[in-house]
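Visitor: My questions will all concern the structure given below.
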Amino acid sequence: MFRKSIVLLISVSLLLAACAPSANPTSVPTATEAPATEAVTSVPTIIEVPAKPIKLTDGLGRSIELPGSAQHIVSLTPATTEILFAIGAGAKVVGRDTFSDYPPEASSVTDIGGSMGKYNTEAIVNLKPDLVIAGGINPPELVASLESLGLKVYFLANPTTMEELYTSIKTVGSLTGDESGADNVVASMDAKAKEVDAKLAAITEKPMVYYELDATPFTAGPGTFIDLLITRAGGTNFGAKMDSAWAQISLEQLLLADPAFIILGDSAYGESPATVSARPGWDALTAVKNKMIFPFDDNLVSRPGPRLVDGLEALARLIHPEAFK
Amino acid sequence: MEIRALKIEGLTVFYGKRCALQNITLEVPRGLVMALIGPNGAGKSTLIRASSGILPLQSGKIRTNGDEFSSLTPMERARVLAVVPQAVALPPAFTAWETVLMGRTPYLNFLGQTSKTDEDIVRHALQRVNALELADRRVGELSGGEQQRILLARALAQATPILLLDEPTAHLDLQYQVALMQTICQLAHEDHLAVMIAMHDLNLAARYADSVALLVQGRLEAVGSPAEVLTPERISQAYHLPVQVVPHPFQQVPLILPGG
Amino acid sequence: MPKRFLPYMTNLGLLLAAVILSLAIGSVFISPGELWQILHSWLTHSPLPTGLETFSFIISDIRLPRTVLVLLTGAALGGSGTAYQGLFRNPLADPYLIGVASGAGLGAVLAMSIHWPYSFWGLLVVPMSAFLFAMVTVLLVYSVARVGQSVPITNLILSGVAFSAFATALTSYMIISSQGEVRRALGWLMGGASQNSWQAVLAILPYLIIGLGFLLMNGHALNLLQFGDDQAQQMGLPVLRKKTLLLLAASLATAAAVSFSGIIGFIGLIIPHVMRMWWGADYRRLLPLSIIAGGVFLILADILARTMMRPQELPVGIVTALAGAPFFLWVLRRAKNQGYW
C-alpha cells in the first residue's frame with residue numbers, strides 16, 4: 001500500500017512537471033504584440049531626448065531616483081494603467097494587473113496577476129521593467145518584496161480631490177517623460193469639468209442621490225471621490241452623513257431620507273432596477289415608485305484616473321438632464 | 001537505603017469539599033499481599049491513586065524507606081512504586097510489546113531510547129504473565145483479560161519493590177480472575193514485592209491475600225488477616241447485607257456467603 | 001538498509017522531489033539539469049553557463065526563499081498538529097485548537113489598521129503583531145483552563161473555543177469597519193506567503209528550531225501521555241510540566257509559521273493522520289515524519305496554488321483544503337479497517 005502511494009505521488013509530481021512547460025504565456029505575447037501597440041499609439045518617440053535623471057518623492061515618503069524617464073513600466077492598478085495610456089505612455093507599458101481593462105489596448109499587455117492581492121512576481125521580473133508603479137490598494141509588503149528583487153517601485157498614493165488627481169497624473173507624466181501628454185490630459189479634464197460646472201451653474205435644486213456600491217447595502221461615504229462627484233454634479237450624496245467611506249446603511253435610513261435617485265454602482269454584480277424594486281420594503285421609496293433607478297459603470301467614479309470627469313458628466317446628465325439639452 | 005515497606009500515615013484526601021479518605025494508616029511490608037476491600041465509593045481507588053502520588057494530600061504522609069514520597073520526583077517515585085490500573089481506554093494502536101516497554105520509562109534517558117537490557121526485561125515480564133505470544137498484537141485487538149495481563153507485565157517491567165493494583169479482576173472471566181491472583185501472589189512471594197490490591201470480590205481476597213484492609217466511606221474500619229477482618233458483623237454492616245461466614249471446605253480461609 | 005529507516009527515506013525522498021518541482025515550476029520551466037548546473041556553479045563559485053544568469057536570479061531570489069519558507073511553514077504545522085493530537089488525545093485536534101490562529105488573525109488585522117512608516121521595522125509589524133497576539137491568546141487560554149496542579153483537556157478545549165470565538169468576532173468587526181484594508185486582511189487570513197524573502201525565513205527560523213526541536217526530543221513523553229495523565233505520571237513522567245512545555249513549544253512553532261504565511265488550514269489536522277496510517281502511532285517516529293510530510297504537502301499545494309489558474313495565484317489555504325480533502329479520503333479508504341489511532 002505504501003509503495004502504491006509513493007508511486008501515485010511521484011506520478012502526480014511528474015504530471016505537474018509535464019504541465020509546466022506548455023503554459024508559458026508571459027514571454028510570447030510581448031514579442032508578438034509589441035509592434036501592434038506601437039502602431040496604435042502613434043506617439044512621436046523617435047526624437048532622441050538625452051537621459052535626464054528624475055528624482056521624486058513617492059506616496060510612502062521615499063525618494064525615488066531614475067537615471068532617465070521610464071521606458072518599460074509595469075502597472076499594478078487599473079487606474080494607473082488608464083493614466084499611462086491617456087498621457088501617451090501606452091507603448092511603454094509592458095505589464096499590467098488583471099483588472100486593467102481600459103483602454104481596450106491594455107488587454108493585450110501581459111497580465112501579471114493581482115487578483116486577491118497576489119501578483120506574479122516572477123512574471124514581473126521576467127519583463128525586466130525599469131519602473132513598477134504601485135497604487136493605494138497595494139500593501140507596503142508588496143512594495144518591499146518587489147524592491148528586494150531589485151525592482152524600482154514608485155508608490156502612487158490615492159488622491160482624494162481633483163487637484164490631487166491632477167498632480168498624480170502629472171507625476172506619472174514626469175516619470176515616463178510624457179509631461180506634455182500629462183499636461184494635455186489634465187487640461188482637457190479640467191476643461192470638461194468646468195464645462196459641467198457651467199452647465200449646472202443655474203441649478204438651485206440639489207436632489208438627494210443614493211449611490212449603491214453593494215447590495216448589502218453599502219454606499220459611498222464622505223471623503224470619497226463619489227461623494228465629491230455627486231456634489232459637483234449637482235446632487236446631495238445620501239452617504240455624506242455616514243461615518244466611514246465604505247458605509248453600511250439600512251432601509252430605514254433610506255426611507256427617512258427618501259432620495260430622488262438610486263444609482264447602481266453595483267450593476268456589474270447583477271443589480272438592476274428590477275432586482276432593486278423586488279427587494280422587500282423598497283417599493284415604498286419615491287425613487288423606486290418613480291422608476292428613478294439607474295445602472296452605472298462604477299469604474300467611471302471609483303478609479304482615480306482620467307475617466308473621472310466622464311463619470312462626473314455622466315452623473316450630471318442623470319441628475320440634471322435638463323441642463324444638457 | 002533498601003525499601004522494606006510501603007507506609008501510609010494519616011492519609012487524608014479531599015475531592016473538593018468532600019472527604020474521600022480520612023486518616024488512613026497502613027503498612028504493607030515486602031513479600032505481603034494486602035487486599036483493600038469495601039463497598040463502591042469507599043475510597044479504594046482513591047487510596048491507590050493517592051498512594052501512587054498523583055493526588056494532592058490534605059494531610060498525611062506516604063513513606064517508602066524513610067523518604068517522604070512527596071519529596072521524590074515522579075521519575076524516582078516510578079522506580080519505587082508501580083501501578084496496574086484497570087484495563088480501560090488503552091491506546092489501541094500500540095502493540096503489547098510497545099505497551100510493556102513503556103514501563104521501562106524510569107530507567108530510560110529523556111529521549112526514550114531502550115537498550116537490550118530493557119528488551120530482555122520486557123520479554124521476561126511478558127513470560128511471567130504468560131503473554132509472550134501476544135507481544136506483536138495491537139492492544140486494541142486483545143480481550144479484557146489479555147489487556148490486564150499486559151498491564152501487569154508493564155508494571156513488572158518497571159521493576160519496583162512496591163506494586164499497587166486497582167481492581168484488576170473487575171471485568172475478567174472467572175478463570176482469568178483466578179489466574180491473575182495466582183500470578184500476583186506468586187510474584188509477591190518470589191520477588192519479595194509489597195503488593196496492595198483494591199478488589200471487590202471478598203472470597204478472592206480471602207483466598208489469596210495475606211492481609212485484608214476494610215475501607216468504608218473513606219475510613220479504615222479494620223486491618224488484619226482475612227479471618228480477623230472478614231467477620232459476619234463487619235461485612236454485614238459495611239455492605240448493608242446480612243452475610244454468613246463459614247470455613248472454606250478446602251482451604252484454611254473464610255468463605256463469605258450472602259444471606260442471613 | 002534496515003527496515004526501520006524506510007519511512008524516513010521515503011519522506012525525505014518525497015521532500016527532495018517536491019523541492020525540485022518547486023524550483024523548476026514557475027513562469028518559466030527550469031529543468032532539473034539546469035537547476036543542477038546553477039547549484040554547481042554556486043557551490044564551486046564558478047561562472048554560470050551563458051543564458052542561465054536570469055534563471056539563477058529567479059532561483060536565488062524568488063523561488064528558493066519561497067520554497068524554503070513554504071517548507072518551514074508546512075513542517076511547523078505538521079509537527080505541531082501531531083503534538084496537539086497527542087496532547088489532547090483527540091483525532092480532531094489541530095494546531096489552531098487553542099487560539100493560535102484566531103489570535104494571530106486579530107494581531108495581524110489590528111496591525112494592518114494602523115499606517116506604519118515604510119521601514120525595516122515598519123514592515124515587520126504585521127507578522128510580529130500576529131505572533132505576539134497568538135502567543136498571548138495561548139497563554140490566556142492555558143491560565144484560564146488550569147485547575148491547581150492539572151490542566152484538564154476539556155477545560156483547555158472549552159477555554160480555547162471561547163477565546164477563539166471572541167478573537168474571531170473582534171477580527172471580523174475590525175474588517176467590516178475598516179476603510180479599505182479588507183482585501184489585505186482577507187488575503188492574509190486565507191493564507192499564502194506574502195513576504196517570500198530570506199528575511200521572513202530568518203525571522204521564523206529560531207522559533208521553529210526551538211519549538212520543533214523540543215517536540216522532537218519528547219516523542220517518548222507523548223507516547224506516555226496516550227495512556228492518560230494518571231498512568232503517565234505513575235510511569236515517571238512529570239505530567240504537568242511536560243504538557244505545559246509541549247503545548248508552548250507546539251504553539252510557538254505554529255505562531256511563527258502563521259505570522260508570515262497567514263492561516264493555512266488542513267495540514268496540521270490531516271498530515272499526522274496520514275503518517276499514523278502509513279507508519280504507526282509511535283510519536284518518536286510520528287513527529288519527524290509529520291514534520292517532513294507537512295513540508296512536502298505544503299510545497300505541493302503551493303505549486304498548485306501558483307499554477308492552477310495562471311497568472312492568478314490562489315491563496316494556498318484554499319488549495320490545501322481543496323486538494324487535501326480528496327487525498328485524505330483516499331488514504332482513509334485504504335486504512336479504515338485497521339485500528340491506527
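Identifiers for the C-alpha cells are assigned positionally: chains receive A, B, ... in sequence, residues are indexed from 1 per chain, and ligands are indexed from 1 in the order shown.
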Using only C-alpha atoms, select each residue of chain B with any atom at most 7 Å away from an atom of chain C, and give the selection as a list in words.

Guide: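 Within 7 Å of chain C on chain B, we get Ser52, Ile54, Pro74, Met75, Arg77, Ala78, Ala82, Val83, Leu90, Pro91, Pro92, Ala93, Phe94, Met102, Gly103, Thr105, Pro106, Leu111 and Gly112 of chain B.
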
Visitor: Check which residues of stretch 120-226 of chain A sit at most 12 Å from stretch 42-54 of chain C using only C-alpha atoms, and return one row each with the closest pair of atoms and their distance in Å to one decimal, ordered by chain and rising number, as a tab-separated table.

Guide:
```
residue	atom	partner	partner_atom	distance
A:Glu122	CA	C:Thr54	CA	10.7
A:Val125	CA	C:Thr54	CA	9.3
A:Asn126	CA	C:Thr54	CA	8.2
A:Leu127	CA	C:Thr54	CA	11.3
A:Lys128	CA	C:Thr54	CA	10.2
A:Leu149	CA	C:Thr54	CA	11.9
```

Visitor: Keeping only C-alpha atoms, write the selected residues to a file as a PDB file, in the first residue's frame.

Guide:
```pdb
ATOM      1  CA  GLU A 122       8.330  36.070 -11.445  1.00  0.00           C
ATOM      2  CA  VAL A 125      10.836  40.234 -13.017  1.00  0.00           C
ATOM      3  CA  ASN A 126      10.893  38.479 -16.387  1.00  0.00           C
ATOM      4  CA  LEU A 127       9.546  41.618 -18.094  1.00  0.00           C
ATOM      5  CA  LYS A 128      12.635  43.494 -16.867  1.00  0.00           C
ATOM      6  CA  LEU A 149      14.104  41.642  -6.119  1.00  0.00           C
TER       7      LEU A 149
END
```

Visitor: Between atom CA of A:Leu213 and atom CA of A:Trp246, what is the distance in Å, rounded to a tenth?

Guide: 8.4 Å

Visitor: Could you list, as a list in words, every residue within 10 Å of B:Ala135, counting only C-alpha atoms and ignoring same-chain residues fewer than 4 positions away?

Guide: Thr95, Ala96, Trp97, Glu98, Thr99, Val100, Val122, Arg123, Leu126, Gln127, Ala131, Val139 and Ile150 of chain B

Visitor: Using Å and a single decimal, report how far atom CA of B:Ala20 sits from atom CA of B:Lys7.

Guide: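 If I compute the distance from atom CA of B:Lys7 to atom CA of B:Ala20, I get 19.0 Å.
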
Visitor: Excluding stretch 259-273 of chain C and residues on its chain fewer than 3 positions from it, collect all residues at most 6 Å away from it, counting only C-alpha atoms, and give them as a count of residues only.

Guide: 21

Visitor: Hey, what's within 6 Å of stretch 158-173 of chain B if we count only C-alpha atoms and toss same-chain stuff fewer than 5 positions away? As an MDAnalysis selection string, please?

Guide: chainID B and resid 79:86 103:104 145 193:199

Visitor: Using N, CA and C atoms, can you export the residues from the last selection as a compact mmCIF listing (two decimals), in the first residue's frame?

Guide:
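Okay, out.txt is ready:
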```
# COMPACT_ATOMS: atom_id res chain seq x y z
N ARG B 79 10.38 4.48 40.15
CA ARG B 79 11.32 3.38 40.34
C ARG B 79 11.02 2.59 41.60
N VAL B 80 10.14 3.15 42.41
CA VAL B 80 9.87 2.55 43.70
C VAL B 80 8.49 1.91 43.72
N LEU B 81 7.56 2.52 42.99
CA LEU B 81 6.17 2.09 43.08
C LEU B 81 5.57 2.03 41.68
N ALA B 82 4.93 0.91 41.35
CA ALA B 82 4.27 0.79 40.04
C ALA B 82 2.80 0.50 40.25
N VAL B 83 1.98 0.95 39.35
CA VAL B 83 0.53 0.78 39.47
C VAL B 83 0.01 -0.01 38.28
N VAL B 84 -0.86 -0.99 38.55
CA VAL B 84 -1.57 -1.69 37.49
C VAL B 84 -2.99 -1.15 37.49
N PRO B 85 -3.35 -0.30 36.52
CA PRO B 85 -4.70 0.27 36.52
C PRO B 85 -5.69 -0.70 35.91
N GLN B 86 -6.94 -0.32 35.88
CA GLN B 86 -7.93 -1.13 35.19
C GLN B 86 -7.70 -1.02 33.70
N GLY B 103 6.81 0.69 30.45
CA GLY B 103 7.09 0.54 31.86
C GLY B 103 8.56 0.78 32.19
N ARG B 104 9.42 0.74 31.20
CA ARG B 104 10.85 0.94 31.46
C ARG B 104 11.20 2.42 31.56
N GLY B 145 -9.08 -9.62 29.52
CA GLY B 145 -8.15 -10.38 30.35
C GLY B 145 -6.71 -10.25 29.84
N LEU B 193 7.83 -8.62 46.71
CA LEU B 193 7.22 -7.31 46.46
C LEU B 193 6.18 -6.99 47.53
N ALA B 194 6.02 -5.72 47.80
CA ALA B 194 4.91 -5.25 48.65
C ALA B 194 3.75 -4.98 47.72
N VAL B 195 2.65 -5.71 47.89
CA VAL B 195 1.53 -5.61 46.96
C VAL B 195 0.26 -5.18 47.67
N MET B 196 -0.39 -4.16 47.13
CA MET B 196 -1.69 -3.74 47.67
C MET B 196 -2.69 -3.80 46.51
N ILE B 197 -3.76 -4.59 46.70
CA ILE B 197 -4.74 -4.73 45.61
C ILE B 197 -6.10 -4.25 46.08
N ALA B 198 -6.68 -3.32 45.33
CA ALA B 198 -8.07 -2.97 45.59
C ALA B 198 -8.94 -3.99 44.89
N MET B 199 -9.85 -4.61 45.60
CA MET B 199 -10.71 -5.60 44.94
C MET B 199 -12.10 -5.60 45.54
```
